[in-house]
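Peer 1: File name data.pdb; file contents PDB, C-alpha atoms, pLDDT in the B column; full text below.
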ATOM      1  CA  MET A 112       5.074  -8.895 -22.425  1.00 53.00           C
ATOM      2  CA  LYS A 113       2.675 -11.654 -23.316  1.00 61.00           C
ATOM      3  CA  ALA A 114       4.852 -14.430 -21.896  1.00 64.00           C
ATOM      4  CA  LEU A 115       4.639 -13.182 -18.340  1.00 68.00           C
ATOM      5  CA  LYS A 116       1.054 -11.930 -18.513  1.00 73.00           C
ATOM      6  CA  GLU A 117      -0.187 -15.342 -19.640  1.00 76.00           C
ATOM      7  CA  HIS A 118       1.907 -17.481 -17.280  1.00 76.00           C
ATOM      8  CA  HIS A 119       2.013 -15.223 -14.219  1.00 79.00           C
ATOM      9  CA  PRO A 120      -1.041 -12.922 -14.217  1.00 85.00           C
ATOM     10  CA  LEU A 121      -0.563 -12.045 -10.535  1.00 85.00           C
ATOM     11  CA  LEU A 122       2.685 -10.201 -11.294  1.00 86.00           C
ATOM     12  CA  TYR A 123       0.999  -8.288 -14.095  1.00 87.00           C
ATOM     13  CA  LYS A 124      -1.818  -7.269 -11.757  1.00 89.00           C
ATOM     14  CA  ILE A 125       0.587  -6.117  -9.025  1.00 89.00           C
ATOM     15  CA  SER A 126       2.671  -4.133 -11.502  1.00 89.00           C
ATOM     16  CA  THR A 127      -0.407  -2.448 -12.956  1.00 90.00           C
ATOM     17  CA  LEU A 128      -1.980  -1.648  -9.580  1.00 91.00           C
ATOM     18  CA  MET A 129       1.216  -0.289  -8.094  1.00 92.00           C
ATOM     19  CA  ASP A 130       2.589   1.756 -11.008  1.00 89.00           C
ATOM     20  CA  SER A 131       0.016   2.453 -13.714  1.00 87.00           C
ATOM     21  CA  GLN A 132      -3.505   2.091 -12.334  1.00 89.00           C
ATOM     22  CA  PHE A 133      -4.391   5.752 -12.920  1.00 90.00           C
ATOM     23  CA  LYS A 134      -3.557   8.262 -15.639  1.00 89.00           C
ATOM     24  CA  ILE A 135      -3.825  12.052 -15.397  1.00 90.00           C
ATOM     25  CA  PHE A 136      -2.541  14.403 -18.119  1.00 90.00           C
ATOM     26  CA  GLY A 137      -0.739  11.508 -19.774  1.00 88.00           C
ATOM     27  CA  ILE A 138       1.202  10.613 -16.611  1.00 88.00           C
ATOM     28  CA  SER A 139       0.478   7.172 -15.246  1.00 89.00           C
ATOM     29  CA  PHE A 140       0.797   6.353 -11.559  1.00 90.00           C
ATOM     30  CA  GLY A 141      -0.572   3.794  -9.170  1.00 91.00           C
ATOM     31  CA  TRP A 142      -1.013   2.918  -5.560  1.00 91.00           C
ATOM     32  CA  ASP A 143       2.745   3.108  -5.014  1.00 90.00           C
ATOM     33  CA  PHE A 144       2.526   6.883  -5.407  1.00 89.00           C
ATOM     34  CA  ILE A 145      -0.691   7.231  -3.398  1.00 90.00           C
ATOM     35  CA  LEU A 146       0.435   5.059  -0.479  1.00 90.00           C
ATOM     36  CA  GLY A 147       3.830   6.760  -0.585  1.00 86.00           C
ATOM     37  CA  LEU A 148       2.138   9.976   0.480  1.00 87.00           C
ATOM     38  CA  LEU A 149       1.660   8.426   3.926  1.00 86.00           C
ATOM     39  CA  PRO A 150       4.846   9.096   5.893  1.00 83.00           C
ATOM     40  CA  PHE A 151       6.900   5.990   6.699  1.00 84.00           C
ATOM     41  CA  TYR A 152       4.081   3.427   6.715  1.00 89.00           C
ATOM     42  CA  GLY A 153       3.166   4.061   3.085  1.00 87.00           C
ATOM     43  CA  ASN A 154       6.735   3.585   1.912  1.00 88.00           C
ATOM     44  CA  VAL A 155       7.208   0.462   4.035  1.00 90.00           C
ATOM     45  CA  THR A 156       3.975  -1.008   2.668  1.00 92.00           C
ATOM     46  CA  THR A 157       4.847  -0.338  -0.968  1.00 91.00           C
ATOM     47  CA  THR A 158       8.357  -1.733  -0.489  1.00 91.00           C
ATOM     48  CA  LEU A 159       6.974  -4.952   1.001  1.00 93.00           C
ATOM     49  CA  ILE A 160       4.553  -5.309  -1.909  1.00 93.00           C
ATOM     50  CA  SER A 161       7.431  -4.735  -4.340  1.00 93.00           C
ATOM     51  CA  LEU A 162       9.528  -7.360  -2.574  1.00 94.00           C
ATOM     52  CA  PHE A 163       6.779  -9.913  -3.220  1.00 92.00           C
ATOM     53  CA  THR A 164       7.677  -9.771  -6.919  1.00 91.00           C
ATOM     54  CA  VAL A 165      11.313 -10.598  -6.157  1.00 93.00           C
ATOM     55  CA  VAL A 166      10.374 -13.472  -3.858  1.00 94.00           C
ATOM     56  CA  TYR A 167       7.963 -14.775  -6.500  1.00 91.00           C
ATOM     57  CA  ALA A 168      10.714 -14.582  -9.131  1.00 91.00           C
ATOM     58  CA  ALA A 169      13.157 -16.400  -6.831  1.00 93.00           C
ATOM     59  CA  PHE A 170      10.702 -19.255  -6.310  1.00 91.00           C
ATOM     60  CA  HIS A 171      10.364 -19.549 -10.073  1.00 88.00           C
ATOM     61  CA  GLY A 172      14.098 -19.987 -10.646  1.00 90.00           C
ATOM     62  CA  VAL A 173      15.158 -16.542 -11.847  1.00 92.00           C
ATOM     63  CA  SER A 174      18.947 -16.010 -11.831  1.00 94.00           C
ATOM     64  CA  ALA A 175      20.538 -14.390  -8.784  1.00 95.00           C
ATOM     65  CA  VAL A 176      21.992 -11.608 -10.961  1.00 96.00           C
ATOM     66  CA  VAL A 177      18.511 -10.711 -12.199  1.00 96.00           C
ATOM     67  CA  LEU A 178      17.074 -10.914  -8.676  1.00 96.00           C
ATOM     68  CA  PHE A 179      19.794  -8.540  -7.480  1.00 96.00           C
ATOM     69  CA  ARG A 180      18.864  -6.098 -10.250  1.00 96.00           C
ATOM     70  CA  MET A 181      15.248  -6.256  -9.165  1.00 96.00           C
ATOM     71  CA  LEU A 182      16.286  -5.591  -5.563  1.00 96.00           C
ATOM     72  CA  LEU A 183      18.388  -2.630  -6.688  1.00 95.00           C
ATOM     73  CA  ASN A 184      15.356  -1.208  -8.517  1.00 94.00           C
ATOM     74  CA  ILE A 185      13.365  -1.466  -5.303  1.00 94.00           C
ATOM     75  CA  SER A 186      16.190   0.097  -3.280  1.00 94.00           C
ATOM     76  CA  VAL A 187      16.388   3.069  -5.671  1.00 92.00           C
ATOM     77  CA  ASP A 188      12.615   3.452  -5.333  1.00 91.00           C
ATOM     78  CA  MET A 189      12.969   3.316  -1.538  1.00 90.00           C
ATOM     79  CA  ILE A 190      15.707   5.946  -1.507  1.00 89.00           C
ATOM     80  CA  ILE A 191      13.791   8.247  -3.843  1.00 89.00           C
ATOM     81  CA  THR A 192      10.600   8.038  -1.786  1.00 87.00           C
ATOM     82  CA  ALA A 193      12.510   8.755   1.427  1.00 85.00           C
ATOM     83  CA  ILE A 194      12.782  12.369   0.255  1.00 85.00           C
ATOM     84  CA  PRO A 195       9.649  14.181   1.458  1.00 81.00           C
ATOM     85  CA  VAL A 196       7.267  15.401  -1.282  1.00 79.00           C
ATOM     86  CA  LEU A 197       9.850  15.461  -4.113  1.00 84.00           C
ATOM     87  CA  GLY A 198      10.486  11.765  -3.606  1.00 84.00           C
ATOM     88  CA  ASN A 199       6.844  10.978  -4.202  1.00 84.00           C
ATOM     89  CA  LEU A 200       6.973  12.891  -7.476  1.00 85.00           C
ATOM     90  CA  GLY A 201      10.138  11.016  -8.410  1.00 85.00           C
ATOM     91  CA  ASP A 202       8.329   7.784  -7.678  1.00 84.00           C
ATOM     92  CA  ILE A 203       6.009   8.480 -10.609  1.00 88.00           C
ATOM     93  CA  PHE A 204       8.997   8.353 -12.963  1.00 89.00           C
ATOM     94  CA  TRP A 205      10.961   5.520 -11.327  1.00 90.00           C
ATOM     95  CA  GLN A 206       8.348   2.785 -11.405  1.00 91.00           C
ATOM     96  CA  ALA A 207      10.193  -0.127  -9.822  1.00 92.00           C
ATOM     97  CA  ASN A 208       7.307  -2.578 -10.088  1.00 92.00           C
ATOM     98  CA  ALA A 209       6.895  -1.931 -13.809  1.00 91.00           C
ATOM     99  CA  LYS A 210      10.664  -2.203 -14.314  1.00 93.00           C
ATOM    100  CA  ASN A 211      10.798  -5.488 -12.431  1.00 93.00           C
ATOM    101  CA  TYR A 212       7.830  -6.802 -14.385  1.00 91.00           C
ATOM    102  CA  ARG A 213       9.604  -6.021 -17.674  1.00 91.00           C
ATOM    103  CA  ILE A 214      12.824  -7.609 -16.396  1.00 92.00           C
ATOM    104  CA  MET A 215      10.974 -10.779 -15.441  1.00 90.00           C
ATOM    105  CA  ASP A 216       9.185 -10.842 -18.790  1.00 88.00           C
ATOM    106  CA  ASN A 217      12.458 -10.364 -20.676  1.00 90.00           C
ATOM    107  CA  TYR A 218      14.004 -13.131 -18.588  1.00 91.00           C
ATOM    108  CA  LEU A 219      11.296 -15.548 -19.704  1.00 86.00           C
ATOM    109  CA  VAL A 220      11.872 -14.633 -23.358  1.00 88.00           C
ATOM    110  CA  ASN A 221      15.701 -14.481 -23.392  1.00 90.00           C
ATOM    111  CA  SER A 222      17.365 -15.301 -20.080  1.00 91.00           C
ATOM    112  CA  LYS A 223      20.993 -14.961 -21.232  1.00 94.00           C
ATOM    113  CA  ARG A 224      20.438 -11.484 -22.645  1.00 94.00           C
ATOM    114  CA  THR A 225      18.603 -10.388 -19.500  1.00 94.00           C
ATOM    115  CA  ILE A 226      21.421 -11.684 -17.306  1.00 94.00           C
ATOM    116  CA  ARG A 227      24.025  -9.762 -19.352  1.00 94.00           C
ATOM    117  CA  ARG A 228      21.960  -6.567 -19.204  1.00 95.00           C
ATOM    118  CA  SER A 229      21.386  -7.066 -15.483  1.00 95.00           C
ATOM    119  CA  ILE A 230      25.117  -7.289 -14.820  1.00 95.00           C
ATOM    120  CA  VAL A 231      25.648  -3.934 -16.558  1.00 95.00           C
ATOM    121  CA  ALA A 232      22.687  -2.327 -14.765  1.00 94.00           C
ATOM    122  CA  ASN A 233      23.836  -3.684 -11.392  1.00 95.00           C
ATOM    123  CA  LEU A 234      27.311  -2.261 -11.865  1.00 95.00           C
ATOM    124  CA  ALA A 235      25.905   1.113 -12.938  1.00 95.00           C
ATOM    125  CA  ILE A 236      23.537   1.410  -9.982  1.00 94.00           C
ATOM    126  CA  LEU A 237      26.166   0.229  -7.505  1.00 95.00           C
ATOM    127  CA  GLY A 238      28.649   2.678  -9.033  1.00 95.00           C
ATOM    128  CA  CYS A 239      26.174   5.505  -8.458  1.00 94.00           C
ATOM    129  CA  TYR A 240      25.594   4.360  -4.885  1.00 94.00           C
ATOM    130  CA  PHE A 241      29.314   4.245  -4.116  1.00 95.00           C
ATOM    131  CA  GLY A 242      29.853   7.591  -5.828  1.00 96.00           C
ATOM    132  CA  VAL A 243      27.192   9.256  -3.692  1.00 94.00           C
ATOM    133  CA  ILE A 244      28.531   7.638  -0.512  1.00 95.00           C
ATOM    134  CA  PHE A 245      32.072   8.759  -1.358  1.00 97.00           C
ATOM    135  CA  ALA A 246      30.872  12.307  -2.088  1.00 97.00           C
ATOM    136  CA  VAL A 247      28.999  12.495   1.226  1.00 96.00           C
ATOM    137  CA  PHE A 248      31.966  11.246   3.249  1.00 97.00           C
ATOM    138  CA  TYR A 249      34.378  13.504   1.394  1.00 97.00           C
ATOM    139  CA  GLY A 250      32.052  16.459   2.013  1.00 96.00           C
ATOM    140  CA  LEU A 251      31.896  15.590   5.709  1.00 96.00           C
ATOM    141  CA  TYR A 252      35.680  15.315   5.807  1.00 96.00           C
ATOM    142  CA  ARG A 253      36.106  18.738   4.162  1.00 96.00           C
ATOM    143  CA  LEU A 254      33.523  20.252   6.521  1.00 96.00           C
ATOM    144  CA  THR A 255      35.361  18.810   9.526  1.00 95.00           C
ATOM    145  CA  VAL A 256      38.715  20.184   8.318  1.00 95.00           C
ATOM    146  CA  TRP A 257      37.137  23.603   7.738  1.00 95.00           C
ATOM    147  CA  LEU A 258      35.552  23.629  11.205  1.00 94.00           C
ATOM    148  CA  ILE A 259      38.840  22.628  12.847  1.00 93.00           C
ATOM    149  CA  HIS A 260      40.628  25.479  11.087  1.00 92.00           C
ATOM    150  CA  LEU A 261      38.065  27.944  12.450  1.00 90.00           C
ATOM    151  CA  PHE A 262      39.249  27.302  15.981  1.00 83.00           C
TER     152      PHE A 262
END
Have the structure of the file written as structure tokens, please.
Peer 2:
Amino acid sequence: MKALKEHHPLLYKISTLMDSQFKIFGISFGWDFILGLLPFYGNVTTTLISLFTVVYAAFHGVSAVVLFRMLLNISVDMIITAIPVLGNLGDIFWQANAKNYRIMDNYLVNSKRTIRRSIVANLAILGCYFGVIFAVFYGLYRLTVWLIHLF
């Protein structure tokens, strides 16, 4: 992680502040978790701060595939934190800023490998998204059919 820390110290600082500033009982967390405790505004604030990393990466010529992976990491973080209380606990384990920092660092070291890995990760996350959406709609369909048969 030296490549990114030396050339882009701002990203390192943001990643550390947001995801690993504090440590209690061996579990590291940062301001992302703390601000996420504030309903709505905390999650919006942390998402905007996380998006800064993606914009910064875009201005420095990072591949679109890698940028999309970084955006998917932020979207997973956003979805997790939308769940009251449990989402904030989940946010401790899904540290999008730290993930995006590592992705950016890996991109600086070996861009082709990072692009290949990003394609696989993007497909996996999108597959999960579509699977959940399909399951929800299918469940709603089955519920509707069951309610119609009641009358």
Peer 1: Centre and edge lengths of an axis-aligned box around all listed atoms of stretch 255-262 of chain A, with 5 Å added on each side, are to be given in Å to one decimal, as JSON.
Peer 2:
{"center_x": 38.0, "center_y": 23.4, "center_z": 11.9, "size_x": 15.3, "size_y": 19.1, "size_z": 18.2}
Peer 1: Using the chain letters and numbers from the file, give me the residues hit by the PyMOL selection byres ((chain A and resi 196-201) around 10), as number ranges by chain.
Peer 2: A: 140, 143-150, 154, 188-195, 202-206
Peer 1: What residues come out when you apply the PyMOL selection byres ((chain A and resi 124) around 12) to this file, written as number ranges by chain?
Peer 2: A: 115-117, 119-123, 125-132, 141-142, 160, 164, 208-209, 212
Peer 1: Tell me, in Å to one decimal, how far atom CA of A:Val165 is from atom CA of A:Met181.
Peer 2: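 Value for the atom CA of A:Val165-atom CA of A:Met181 distance: 6.6 Å.
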Peer 1: Restricting the calculation to only C-alpha atoms, which member of A:Ser161, A:Arg224, A:Ile230, A:Tyr240 is positioned closest to A:Ala207?
Peer 2: A:Ser161
Peer 1: Separation of atom CA of A:His171 and atom CA of A:Ser229, in Å?
Peer 2: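 Going from atom CA of A:His171 over to atom CA of A:Ser229, I get 17.5 Å.
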Peer 1: To one decimal place in Å, what is the distance between atom CA of A:Asn184 and atom CA of A:Arg213?
Peer 2: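 According to the coordinates, atom CA of A:Asn184 and atom CA of A:Arg213 are separated by 11.8 Å.
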Peer 1: So, counting only C-alpha atoms, which residue among A:Val247, A:Ala169, A:Ile138, A:Ile259 is closest to A:Leu182?
Peer 2: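 Ranking A:Val247, A:Ala169, A:Ile138, A:Ile259 by distance to A:Leu182, first place goes to A:Ala169.
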